[in-house]
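Engineer: Hey, dropping model.cif in here, mmCIF, C-alpha atoms:
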```cif
data_final
loop_
_atom_site.label_atom_id
_atom_site.label_comp_id
_atom_site.auth_asym_id
_atom_site.auth_seq_id
_atom_site.Cartn_x
_atom_site.Cartn_y
_atom_site.Cartn_z
CA MET A 1 15.25 24.89 57.87
CA ILE A 2 16.71 21.47 57.16
CA SER A 3 14.91 19.70 54.32
CA ARG A 4 16.93 16.47 54.31
CA VAL A 5 20.12 15.11 55.87
CA ALA A 6 22.91 13.16 54.18
CA VAL A 7 25.89 11.55 55.91
CA LEU A 8 28.97 10.70 53.87
CA PRO A 9 32.68 9.97 54.26
CA GLN A 10 35.23 12.31 52.72
CA PRO A 11 38.01 10.25 51.13
CA PRO A 12 39.83 11.84 48.20
CA LEU A 13 39.43 8.49 46.42
CA LEU A 14 35.91 9.61 45.55
CA VAL A 15 37.54 11.48 42.67
CA PRO A 16 38.33 8.99 39.87
CA GLU A 17 41.37 10.93 38.66
CA LEU A 18 43.03 10.37 42.03
CA VAL A 19 42.74 6.58 41.86
CA GLY A 20 44.91 4.48 39.57
CA GLY A 21 42.67 2.17 37.54
CA ASP A 22 39.24 0.85 38.49
CA ASP A 23 39.87 -0.08 42.10
CA VAL A 24 36.83 -2.14 43.14
CA ASP A 25 36.64 -0.67 46.64
CA ALA A 26 37.02 2.90 45.42
CA VAL A 27 34.32 2.38 42.79
CA ALA A 28 31.92 1.03 45.42
CA VAL A 29 32.55 3.93 47.81
CA ARG A 30 32.15 6.45 45.00
CA ALA A 31 28.89 4.92 43.80
CA ALA A 32 27.42 4.92 47.30
CA ALA A 33 28.47 8.53 47.90
CA VAL A 34 27.01 9.80 44.63
CA ALA A 35 23.75 7.95 45.29
CA VAL A 36 23.41 9.63 48.69
CA ALA A 37 24.28 13.04 47.22
CA LYS A 38 21.62 12.56 44.52
CA ASP A 39 19.05 11.82 47.22
CA LEU A 40 20.00 15.08 48.92
CA ALA A 41 19.99 17.20 45.75
CA GLN A 42 16.57 15.94 44.67
CA VAL A 43 15.01 17.57 47.72
CA ALA A 44 17.49 20.35 48.52
CA PRO A 45 19.62 21.90 45.75
CA THR A 46 21.27 24.23 48.28
CA TRP A 47 23.53 22.49 50.78
CA LEU A 48 24.93 23.32 54.17
CA VAL A 49 27.96 21.11 54.77
CA VAL A 50 29.49 20.26 58.15
CA GLY A 51 33.03 18.90 58.30
CA VAL A 52 36.22 19.07 60.31
CA GLY A 53 38.81 21.80 59.89
CA GLU A 54 41.78 23.16 61.76
CA ARG A 55 39.53 25.90 63.14
CA ALA A 56 35.89 26.97 63.06
CA GLU A 57 35.32 28.54 59.66
CA ARG A 58 32.58 29.16 57.09
CA ILE A 59 33.47 28.80 53.41
CA GLU A 60 31.21 30.02 50.62
CA ASN A 61 31.48 30.82 46.92
CA ALA A 62 34.99 29.38 46.73
CA ALA A 63 36.94 27.34 44.20
CA GLY A 64 39.61 24.80 45.00
CA THR A 65 41.62 21.96 43.58
CA PHE A 66 42.68 18.45 44.52
CA ARG A 67 46.21 19.29 43.33
CA GLY A 68 47.51 18.69 46.84
CA PHE A 69 46.29 15.09 46.54
CA GLY A 70 48.11 14.53 43.28
CA VAL A 71 45.86 15.72 40.44
CA ASP A 72 44.63 19.21 39.55
CA VAL A 73 40.86 18.54 39.64
CA ARG A 74 39.05 21.86 40.08
CA VAL A 75 35.89 22.18 42.18
CA GLU A 76 33.55 25.08 42.84
CA LEU A 77 31.07 25.63 45.67
CA GLY A 78 28.65 27.67 43.57
CA PRO A 79 28.13 29.36 40.20
CA GLY A 80 29.70 32.55 41.49
CA ALA A 81 33.01 30.75 41.97
CA ALA A 82 33.54 30.05 38.27
CA GLU A 83 35.80 33.05 37.81
CA ARG A 84 37.72 32.62 41.05
CA VAL A 85 41.29 31.39 41.27
CA ALA A 86 41.41 27.94 42.83
CA ASP A 87 42.40 28.01 46.49
CA LEU A 88 45.25 25.52 46.84
CA ASP A 89 44.54 25.23 50.57
CA LEU A 90 40.79 24.66 50.45
CA PRO A 91 40.06 22.09 53.20
CA LEU A 92 39.16 18.53 52.23
CA PRO A 93 35.47 18.73 53.29
CA ALA A 94 34.99 21.73 51.00
CA LEU A 95 36.76 19.96 48.14
CA VAL A 96 34.64 16.83 48.53
CA ALA A 97 31.44 18.87 48.83
CA GLY A 98 32.32 20.83 45.69
CA TRP A 99 33.08 17.65 43.77
CA LEU A 100 29.77 16.06 44.86
CA ARG A 101 27.91 19.25 43.93
CA ALA A 102 29.15 18.91 40.36
CA GLN A 103 28.32 15.20 40.16
CA VAL A 104 24.65 15.64 41.07
CA GLY A 105 23.86 19.17 39.94
CA ALA A 106 23.37 20.85 43.30
CA ALA A 107 23.08 24.63 43.08
CA GLU A 108 25.46 25.87 45.73
CA VAL A 109 27.26 24.80 48.87
CA ALA A 110 28.25 26.55 52.09
CA VAL A 111 30.71 24.73 54.33
CA GLU A 112 30.82 25.02 58.11
CA LEU A 113 34.03 23.62 59.59
CA VAL A 114 34.38 22.65 63.24
CA PRO A 115 37.55 21.58 65.07
CA ALA A 116 38.01 17.83 65.46
CA ASP A 117 38.27 18.23 69.24
CA LEU A 118 35.12 20.34 69.66
CA PRO A 119 33.46 19.17 72.92
CA THR A 120 30.10 17.47 72.65
CA GLU A 121 28.19 20.31 74.32
CA GLN A 122 29.64 22.78 71.83
CA CYS A 123 28.76 20.44 68.95
CA LEU A 124 25.21 20.40 70.28
CA ALA A 125 25.16 24.21 70.40
CA GLU A 126 26.57 24.47 66.88
CA GLY A 127 23.85 22.13 65.65
CA ARG A 128 21.18 24.29 67.26
CA ARG A 129 22.64 27.35 65.52
CA LEU A 130 22.66 25.69 62.12
CA ALA A 131 19.11 24.42 62.52
CA GLY A 132 17.87 27.95 63.11
CA GLY A 133 18.26 29.15 59.53
CA GLU A 134 15.08 30.18 57.72
CA GLU A 135 16.04 29.10 54.19
CA PRO A 136 15.52 25.42 53.28
CA VAL A 137 18.82 23.55 52.94
CA GLY A 138 20.10 20.04 52.68
CA LEU A 139 22.46 19.22 55.54
CA LEU A 140 25.46 17.25 54.31
CA VAL A 141 27.61 15.85 57.11
CA LEU A 142 31.10 14.67 56.16
CA GLY A 143 33.37 12.49 58.28
CA ASP A 144 34.97 9.07 58.50
CA GLY A 145 34.73 6.34 61.09
CA SER A 146 37.64 4.52 62.69
CA HIS A 147 40.71 3.76 60.58
CA ARG A 148 41.83 0.92 62.85
CA HIS A 149 39.91 -2.00 61.35
CA GLY A 150 41.75 -5.26 60.70
CA ASP A 151 44.95 -5.93 58.80
CA LYS A 152 44.53 -2.86 56.57
CA ALA A 153 44.31 -0.48 59.52
CA ILE A 154 46.14 2.82 59.34
CA GLY A 155 48.55 2.41 62.20
CA ARG A 156 47.87 -0.58 64.39
CA PRO A 157 44.51 -2.41 64.46
CA ASP A 158 42.33 -1.75 67.49
CA ALA A 159 39.83 -4.33 68.74
CA ARG A 160 37.43 -1.56 69.73
CA ALA A 161 36.99 -0.34 66.16
CA GLY A 162 34.40 -2.95 65.22
CA SER A 163 31.98 -2.28 68.05
CA PHE A 164 32.57 1.47 67.75
CA ASP A 165 31.52 1.65 64.10
CA ASP A 166 28.75 -0.91 64.58
CA SER A 167 27.21 1.46 67.12
CA ILE A 168 27.62 4.42 64.76
CA ALA A 169 25.98 2.51 61.91
CA ALA A 170 23.09 1.54 64.18
CA ALA A 171 22.67 5.15 65.31
CA PHE A 172 22.36 6.34 61.72
CA ALA A 173 19.96 3.54 60.78
CA GLN A 174 17.74 4.26 63.78
CA VAL A 175 18.11 8.09 63.83
CA ASP A 176 19.37 7.66 67.39
CA LEU A 177 20.47 11.13 68.41
CA ASP A 178 21.28 10.08 71.96
CA ALA A 179 23.68 7.43 70.68
CA LEU A 180 25.48 9.97 68.49
CA LEU A 181 25.75 12.42 71.36
CA ALA A 182 27.08 9.63 73.59
CA ILE A 183 30.16 9.05 71.40
CA ASP A 184 33.20 9.49 73.61
CA PRO A 185 35.45 12.14 72.01
CA ALA A 186 38.57 10.59 73.51
CA GLU A 187 37.76 7.11 72.18
CA ALA A 188 36.86 8.51 68.77
CA ASP A 189 40.21 10.31 68.66
CA GLU A 190 42.12 7.18 69.66
CA LEU A 191 40.35 5.25 66.90
CA GLY A 192 40.93 7.95 64.30
CA ALA A 193 37.21 8.61 63.77
CA VAL A 194 37.28 12.20 62.49
CA GLY A 195 33.53 12.17 61.92
CA ARG A 196 32.71 12.39 65.63
CA ALA A 197 32.33 16.17 65.89
CA PRO A 198 30.29 16.60 62.66
CA TRP A 199 28.04 13.69 63.68
CA GLN A 200 27.37 15.33 67.02
CA VAL A 201 26.65 18.66 65.30
CA LEU A 202 24.14 16.73 63.19
CA ALA A 203 22.51 15.33 66.32
CA GLY A 204 22.26 18.81 67.77
CA ALA A 205 20.70 20.20 64.59
CA VAL A 206 18.07 17.48 64.25
CA ARG A 207 17.20 17.66 67.93
CA ALA A 208 16.74 21.42 67.67
CA ASP A 209 14.64 20.99 64.54
CA GLY A 210 11.93 19.41 66.68
CA ARG A 211 10.34 17.23 64.00
CA SER A 212 10.38 13.43 63.87
CA TRP A 213 12.90 12.03 61.41
CA ARG A 214 13.35 8.67 59.72
CA CYS A 215 16.24 6.98 57.94
CA VAL A 216 15.61 6.15 54.27
CA ARG A 217 19.13 4.94 53.40
CA SER A 218 21.91 3.58 55.58
CA SER A 219 25.03 1.52 55.00
CA VAL A 220 28.65 1.19 55.99
CA GLN A 221 31.69 0.09 54.00
CA LEU A 222 35.04 -1.00 55.40
CA PRO A 223 37.68 -0.74 52.67
CA PHE A 224 41.31 -0.06 53.50
CA GLY A 225 40.73 -0.67 57.23
CA LEU A 226 38.58 2.46 57.43
CA ALA A 227 34.84 2.75 58.16
CA TYR A 228 32.79 4.83 55.73
CA HIS A 229 29.22 5.59 56.81
CA PHE A 230 26.39 6.52 54.43
CA ALA A 231 22.92 7.66 55.48
CA VAL A 232 19.95 9.74 54.39
CA TRP A 233 17.39 11.08 56.84
CA GLU A 234 14.16 12.91 56.10
CA PRO A 235 11.46 14.44 58.29
CA VAL A 236 8.37 12.35 58.85
CA ALA A 237 5.34 13.90 57.17
CA SER A 238 2.88 15.19 59.73
#
```
Starting from the file, give its structure as C-alpha coordinates.
Structural biologist:
Amino acid sequence: MISRVAVLPQPPLLVPELVGGDDVDAVAVRAAAVAVAKDLAQVAPTWLVVGVGERAERIENAAGTFRGFGVDVRVELGPGAAERVADLDLPLPALVAGWLRAQVGAAEVAVELVPADLPTEQCLAEGRRLAGGEEPVGLLVLGDGSHRHGDKAIGRPDARAGSFDDSIAAAFAQVDLDALLAIDPAEADELGAVGRAPWQVLAGAVRADGRSWRCVRSSVQLPFGLAYHFAVWEPVAS
(Lines of atoms letter the chains of each structure in order from A and count residues from 1; the text may use other names and numbers.)
(Lines give C-alpha, C1' and ligand atoms only; values in the text may rest on other atoms or scores of the structure.)
Protein backbone atom coordinates (compact mmCIF):
# COMPACT_ATOMS: atom_id res chain seq x y z
CA MET A 1 0.00 0.00 0.00
CA ILE A 2 1.33 3.42 -0.93
CA SER A 3 1.36 5.81 2.04
CA ARG A 4 2.75 8.87 0.26
CA VAL A 5 4.35 9.75 -3.08
CA ALA A 6 7.44 11.85 -3.72
CA VAL A 7 8.75 12.95 -7.12
CA LEU A 8 12.37 14.04 -7.44
CA PRO A 9 15.11 14.50 -10.03
CA GLN A 10 18.25 12.40 -9.84
CA PRO A 11 21.27 14.60 -10.58
CA PRO A 12 24.56 13.54 -9.00
CA LEU A 13 25.00 17.19 -7.99
CA LEU A 14 22.72 16.44 -5.05
CA VAL A 15 25.85 15.10 -3.36
CA PRO A 16 27.91 18.07 -2.07
CA GLU A 17 31.22 16.27 -2.49
CA LEU A 18 30.60 16.06 -6.23
CA VAL A 19 30.17 19.83 -6.65
CA GLY A 20 33.09 22.23 -6.49
CA GLY A 21 32.25 25.01 -4.02
CA ASP A 22 28.81 26.27 -3.04
CA ASP A 23 27.17 26.43 -6.44
CA VAL A 24 23.94 28.38 -5.91
CA ASP A 25 21.89 26.25 -8.29
CA ALA A 26 23.17 22.98 -6.87
CA VAL A 27 22.45 24.14 -3.32
CA ALA A 28 18.87 25.05 -4.27
CA VAL A 29 18.24 21.71 -5.99
CA ARG A 30 19.73 19.82 -3.05
CA ALA A 31 17.64 21.72 -0.50
CA ALA A 32 14.43 21.08 -2.43
CA ALA A 33 15.23 17.38 -2.82
CA VAL A 34 16.01 16.86 0.85
CA ALA A 35 12.83 18.70 1.87
CA VAL A 36 10.73 16.38 -0.31
CA ALA A 37 12.55 13.30 0.99
CA LYS A 38 11.90 14.43 4.58
CA ASP A 39 8.19 14.74 3.78
CA LEU A 40 8.25 11.16 2.50
CA ALA A 41 10.22 9.73 5.42
CA GLN A 42 7.96 11.34 8.03
CA VAL A 43 5.06 9.20 6.81
CA ALA A 44 6.84 6.21 5.27
CA PRO A 45 10.29 5.14 6.53
CA THR A 46 10.36 2.28 4.01
CA TRP A 47 10.63 3.38 0.39
CA LEU A 48 9.89 1.81 -2.95
CA VAL A 49 11.84 3.72 -5.60
CA VAL A 50 11.08 3.81 -9.32
CA GLY A 51 13.77 4.93 -11.75
CA VAL A 52 15.23 4.22 -15.16
CA GLY A 53 17.79 1.51 -15.80
CA GLU A 54 19.24 -0.33 -18.75
CA ARG A 55 16.83 -3.19 -18.02
CA ALA A 56 14.00 -4.04 -15.65
CA GLU A 57 15.61 -4.88 -12.32
CA ARG A 58 14.90 -4.84 -8.58
CA ILE A 59 17.71 -3.80 -6.25
CA GLU A 60 17.57 -4.33 -2.49
CA ASN A 61 19.97 -4.38 0.44
CA ALA A 62 22.83 -3.10 -1.71
CA ALA A 63 25.72 -0.69 -1.22
CA GLY A 64 27.23 1.51 -3.88
CA THR A 65 29.46 4.48 -4.45
CA PHE A 66 29.52 7.68 -6.48
CA ARG A 67 33.14 6.92 -7.41
CA GLY A 68 32.13 6.75 -11.06
CA PHE A 69 31.03 10.39 -10.80
CA GLY A 70 34.34 11.50 -9.37
CA VAL A 71 34.24 11.02 -5.59
CA ASP A 72 34.02 7.84 -3.51
CA VAL A 73 30.85 8.64 -1.53
CA ARG A 74 29.38 5.40 -0.21
CA VAL A 75 25.62 4.81 0.01
CA GLU A 76 23.56 1.95 1.39
CA LEU A 77 19.96 0.96 0.69
CA GLY A 78 19.35 -0.50 4.14
CA PRO A 79 20.99 -1.45 7.44
CA GLY A 80 21.78 -4.91 6.11
CA ALA A 81 24.06 -3.39 3.47
CA ALA A 82 26.56 -1.99 5.97
CA GLU A 83 28.90 -4.95 5.59
CA ARG A 84 28.58 -5.27 1.83
CA VAL A 85 31.26 -4.28 -0.64
CA ALA A 86 30.19 -1.21 -2.59
CA ASP A 87 28.90 -2.06 -6.07
CA LEU A 88 30.83 0.17 -8.46
CA ASP A 89 28.09 -0.25 -11.06
CA LEU A 90 25.05 0.50 -8.90
CA PRO A 91 22.68 2.51 -11.16
CA LEU A 92 22.22 6.22 -10.55
CA PRO A 93 18.63 5.99 -9.21
CA ALA A 94 19.79 3.54 -6.55
CA LEU A 95 22.73 5.75 -5.64
CA VAL A 96 20.53 8.84 -5.32
CA ALA A 97 17.92 6.93 -3.32
CA GLY A 98 20.59 5.60 -0.96
CA TRP A 99 22.06 9.07 -0.48
CA LEU A 100 18.62 10.55 0.27
CA ARG A 101 17.89 7.71 2.68
CA ALA A 102 20.92 8.70 4.73
CA GLN A 103 20.07 12.40 4.67
CA VAL A 104 16.59 11.97 6.15
CA GLY A 105 16.88 8.77 8.18
CA ALA A 106 14.67 6.48 6.10
CA ALA A 107 14.86 2.84 7.17
CA GLU A 108 15.37 0.99 3.93
CA VAL A 109 14.94 1.32 0.19
CA ALA A 110 14.04 -1.08 -2.60
CA VAL A 111 14.62 0.14 -6.15
CA GLU A 112 12.56 -0.91 -9.16
CA LEU A 113 14.22 0.01 -12.46
CA VAL A 114 12.33 0.22 -15.74
CA PRO A 115 13.77 0.75 -19.23
CA ALA A 116 13.63 4.32 -20.51
CA ASP A 117 11.70 3.16 -23.58
CA LEU A 118 9.06 1.16 -21.70
CA PRO A 119 5.74 1.73 -23.55
CA THR A 120 3.02 3.61 -21.72
CA GLU A 121 0.73 0.58 -21.40
CA GLN A 122 3.53 -1.40 -19.79
CA CYS A 123 4.29 1.50 -17.44
CA LEU A 124 0.63 1.44 -16.45
CA ALA A 125 0.82 -2.31 -15.79
CA GLU A 126 4.01 -1.92 -13.77
CA GLY A 127 2.32 0.74 -11.66
CA ARG A 128 -0.61 -1.56 -10.99
CA ARG A 129 1.81 -4.28 -9.87
CA LEU A 130 3.66 -1.98 -7.50
CA ALA A 131 0.43 -0.65 -6.01
CA GLY A 132 -0.63 -4.17 -5.09
CA GLY A 133 1.83 -4.64 -2.24
CA GLU A 134 0.36 -5.14 1.23
CA GLU A 135 3.09 -3.43 3.27
CA PRO A 136 2.90 0.38 3.60
CA VAL A 137 5.64 2.12 1.60
CA GLY A 138 6.55 5.55 0.40
CA LEU A 139 6.77 5.67 -3.38
CA LEU A 140 9.77 7.71 -4.52
CA VAL A 141 9.81 8.42 -8.25
CA LEU A 142 13.10 9.59 -9.74
CA GLY A 143 13.56 11.20 -13.14
CA ASP A 144 14.47 14.43 -14.89
CA GLY A 145 12.57 16.59 -17.33
CA SER A 146 13.88 17.92 -20.62
CA HIS A 147 17.54 18.93 -20.88
CA ARG A 148 16.92 21.21 -23.86
CA HIS A 149 15.99 24.46 -22.11
CA GLY A 150 17.61 27.70 -23.28
CA ASP A 151 21.25 28.58 -23.75
CA LYS A 152 22.44 26.04 -21.15
CA ALA A 153 20.75 23.13 -22.92
CA ILE A 154 22.60 19.85 -23.20
CA GLY A 155 22.89 19.57 -26.94
CA ARG A 156 20.84 22.09 -28.86
CA PRO A 157 17.92 24.03 -27.32
CA ASP A 158 14.46 22.88 -28.33
CA ALA A 159 11.50 25.27 -28.37
CA ARG A 160 9.19 22.47 -27.25
CA ALA A 161 10.98 22.01 -23.93
CA GLY A 162 9.20 24.88 -22.18
CA SER A 163 5.66 23.77 -22.90
CA PHE A 164 6.61 20.13 -22.29
CA ASP A 165 7.86 20.74 -18.76
CA ASP A 166 5.13 23.28 -18.02
CA SER A 167 2.60 20.52 -18.70
CA ILE A 168 4.53 18.07 -16.50
CA ALA A 169 4.67 20.59 -13.64
CA ALA A 170 0.94 21.22 -13.96
CA ALA A 171 0.23 17.49 -13.94
CA PHE A 172 2.14 17.05 -10.68
CA ALA A 173 0.50 20.09 -9.08
CA GLN A 174 -2.98 18.89 -10.04
CA VAL A 175 -2.41 15.12 -9.57
CA ASP A 176 -3.46 14.77 -13.20
CA LEU A 177 -2.88 11.12 -13.98
CA ASP A 178 -4.34 11.40 -17.47
CA ALA A 179 -1.85 14.13 -18.34
CA LEU A 180 1.07 12.00 -17.17
CA LEU A 181 -0.17 9.02 -19.14
CA ALA A 182 -0.59 11.24 -22.20
CA ILE A 183 3.13 12.09 -22.36
CA ASP A 184 4.38 11.08 -25.78
CA PRO A 185 7.34 8.70 -25.31
CA ALA A 186 8.90 9.78 -28.60
CA GLU A 187 8.73 13.48 -27.74
CA ALA A 188 10.07 12.83 -24.25
CA ASP A 189 13.00 10.94 -25.75
CA GLU A 190 13.73 13.71 -28.24
CA LEU A 191 13.73 16.24 -25.39
CA GLY A 192 15.91 14.09 -23.15
CA ALA A 193 13.23 13.72 -20.46
CA VAL A 194 14.30 10.45 -18.81
CA GLY A 195 11.57 10.78 -16.19
CA ARG A 196 8.79 9.86 -18.61
CA ALA A 197 8.63 6.13 -17.88
CA PRO A 198 8.85 6.45 -14.06
CA TRP A 199 6.20 9.19 -14.12
CA GLN A 200 3.87 6.95 -16.08
CA VAL A 201 4.54 4.07 -13.66
CA LEU A 202 3.55 6.50 -10.90
CA ALA A 203 0.31 7.33 -12.71
CA GLY A 204 -0.45 3.64 -13.05
CA ALA A 205 0.21 2.99 -9.37
CA VAL A 206 -1.95 5.85 -8.10
CA ARG A 207 -4.76 4.98 -10.48
CA ALA A 208 -4.69 1.37 -9.30
CA ASP A 209 -4.64 2.51 -5.67
CA GLY A 210 -8.19 3.76 -6.11
CA ARG A 211 -8.12 6.51 -3.47
CA SER A 212 -8.31 10.25 -4.12
CA TRP A 213 -4.95 11.99 -3.89
CA ARG A 214 -3.87 15.60 -3.44
CA CYS A 215 -0.63 17.47 -4.02
CA VAL A 216 0.90 19.04 -0.90
CA ARG A 217 4.17 20.23 -2.47
CA SER A 218 5.08 21.00 -6.07
CA SER A 219 7.80 22.98 -7.80
CA VAL A 220 10.15 22.94 -10.74
CA GLN A 221 13.68 24.27 -11.13
CA LEU A 222 15.53 24.90 -14.38
CA PRO A 223 19.26 25.07 -13.70
CA PHE A 224 21.80 24.06 -16.32
CA GLY A 225 19.13 23.94 -19.07
CA LEU A 226 17.51 20.94 -17.38
CA ALA A 227 14.07 20.68 -15.75
CA TYR A 228 13.96 19.24 -12.24
CA HIS A 229 10.48 18.44 -10.89
CA PHE A 230 9.62 18.14 -7.19
CA ALA A 231 6.28 16.98 -5.80
CA VAL A 232 4.65 15.30 -2.82
CA TRP A 233 1.25 13.62 -3.04
CA GLU A 234 -0.81 12.13 -0.24
CA PRO A 235 -4.14 10.32 -0.12
CA VAL A 236 -7.15 12.41 0.82
CA ALA A 237 -8.53 11.36 4.20
CA SER A 238 -11.91 9.70 3.84
Engineer: Just checking: using only C-alpha atoms, which residue out of A:Gly225, A:Gly155, A:Gly21, A:Pro115 ends up closest to A:Arg196?
Structural biologist: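 With only C-alpha atoms as the atom set, the closest residue is A:Pro115.
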Engineer: Point out the residue among A:Gly133, A:Gly195, A:Gly210, A:Pro185 with the least atom-to-atom distance to A:Leu48, counting only C-alpha atoms.
Structural biologist: A:Gly133
Engineer: Quick one: residues within 10 Å of A:Ile2, only C-alpha atoms counted, chain neighbours fewer than 3 positions away excluded, as a PyMOL selection string?
Structural biologist: chain A and resi 5+44+47-48+130-139+205-206+209+234-235
Engineer: Within 10 Å of (17.5, 21.1, 43.6) (coordinates as in the file), grab all the protein and nucleic acid residues, counting all atoms listed in the file, and write them out as a PyMOL selection string.
Structural biologist: chain A and resi 38+40-47+104-108+137-138
Engineer: Kindly give the distance, in Å, that separates atom CA of A:His149 and atom CA of A:Ala161, rounded to a single decimal.
Structural biologist: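 Rounded to one decimal, the two atoms are 5.9 Å apart.
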Engineer: Identify, on the basis of all atoms listed in the file, every residue whose closest approach to A:Ala86 does not exceed 7 Å; exclude the query and any residue fewer than 3 positions from it along the same chain; express the result as a PyMOL selection string.
Structural biologist: chain A and resi 63-65
Engineer: With only C-alpha atoms as the basis for distance, which of A:Val216, A:Leu14, A:Ala82, A:Gly204 is at the shortest distance from A:Val27?
Structural biologist: A:Leu14
Engineer: Output as CSV one row per residue of stretch 51-159 of chain A within 6 Å of stretch 7-11 of chain A: the closest atom pair and its distance in Å to one decimal place, counting all atoms listed in the file, sorted by chain and residue number ascending.
Structural biologist:
```
residue,atom,partner,partner_atom,distance
A:Leu140,CA,A:Val7,CA,5.9
A:Val141,CA,A:Val7,CA,4.8
A:Leu142,CA,A:Leu8,CA,5.1
A:Gly143,CA,A:Pro9,CA,4.8
A:Asp144,CA,A:Pro9,CA,4.9
```
Engineer: What does the distance between atom CA of A:Glu121 and atom CA of A:Arg160 come to in Å, to one decimal place?
Structural biologist: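 Going from atom CA of A:Glu121 over to atom CA of A:Arg160, I get 24.2 Å.
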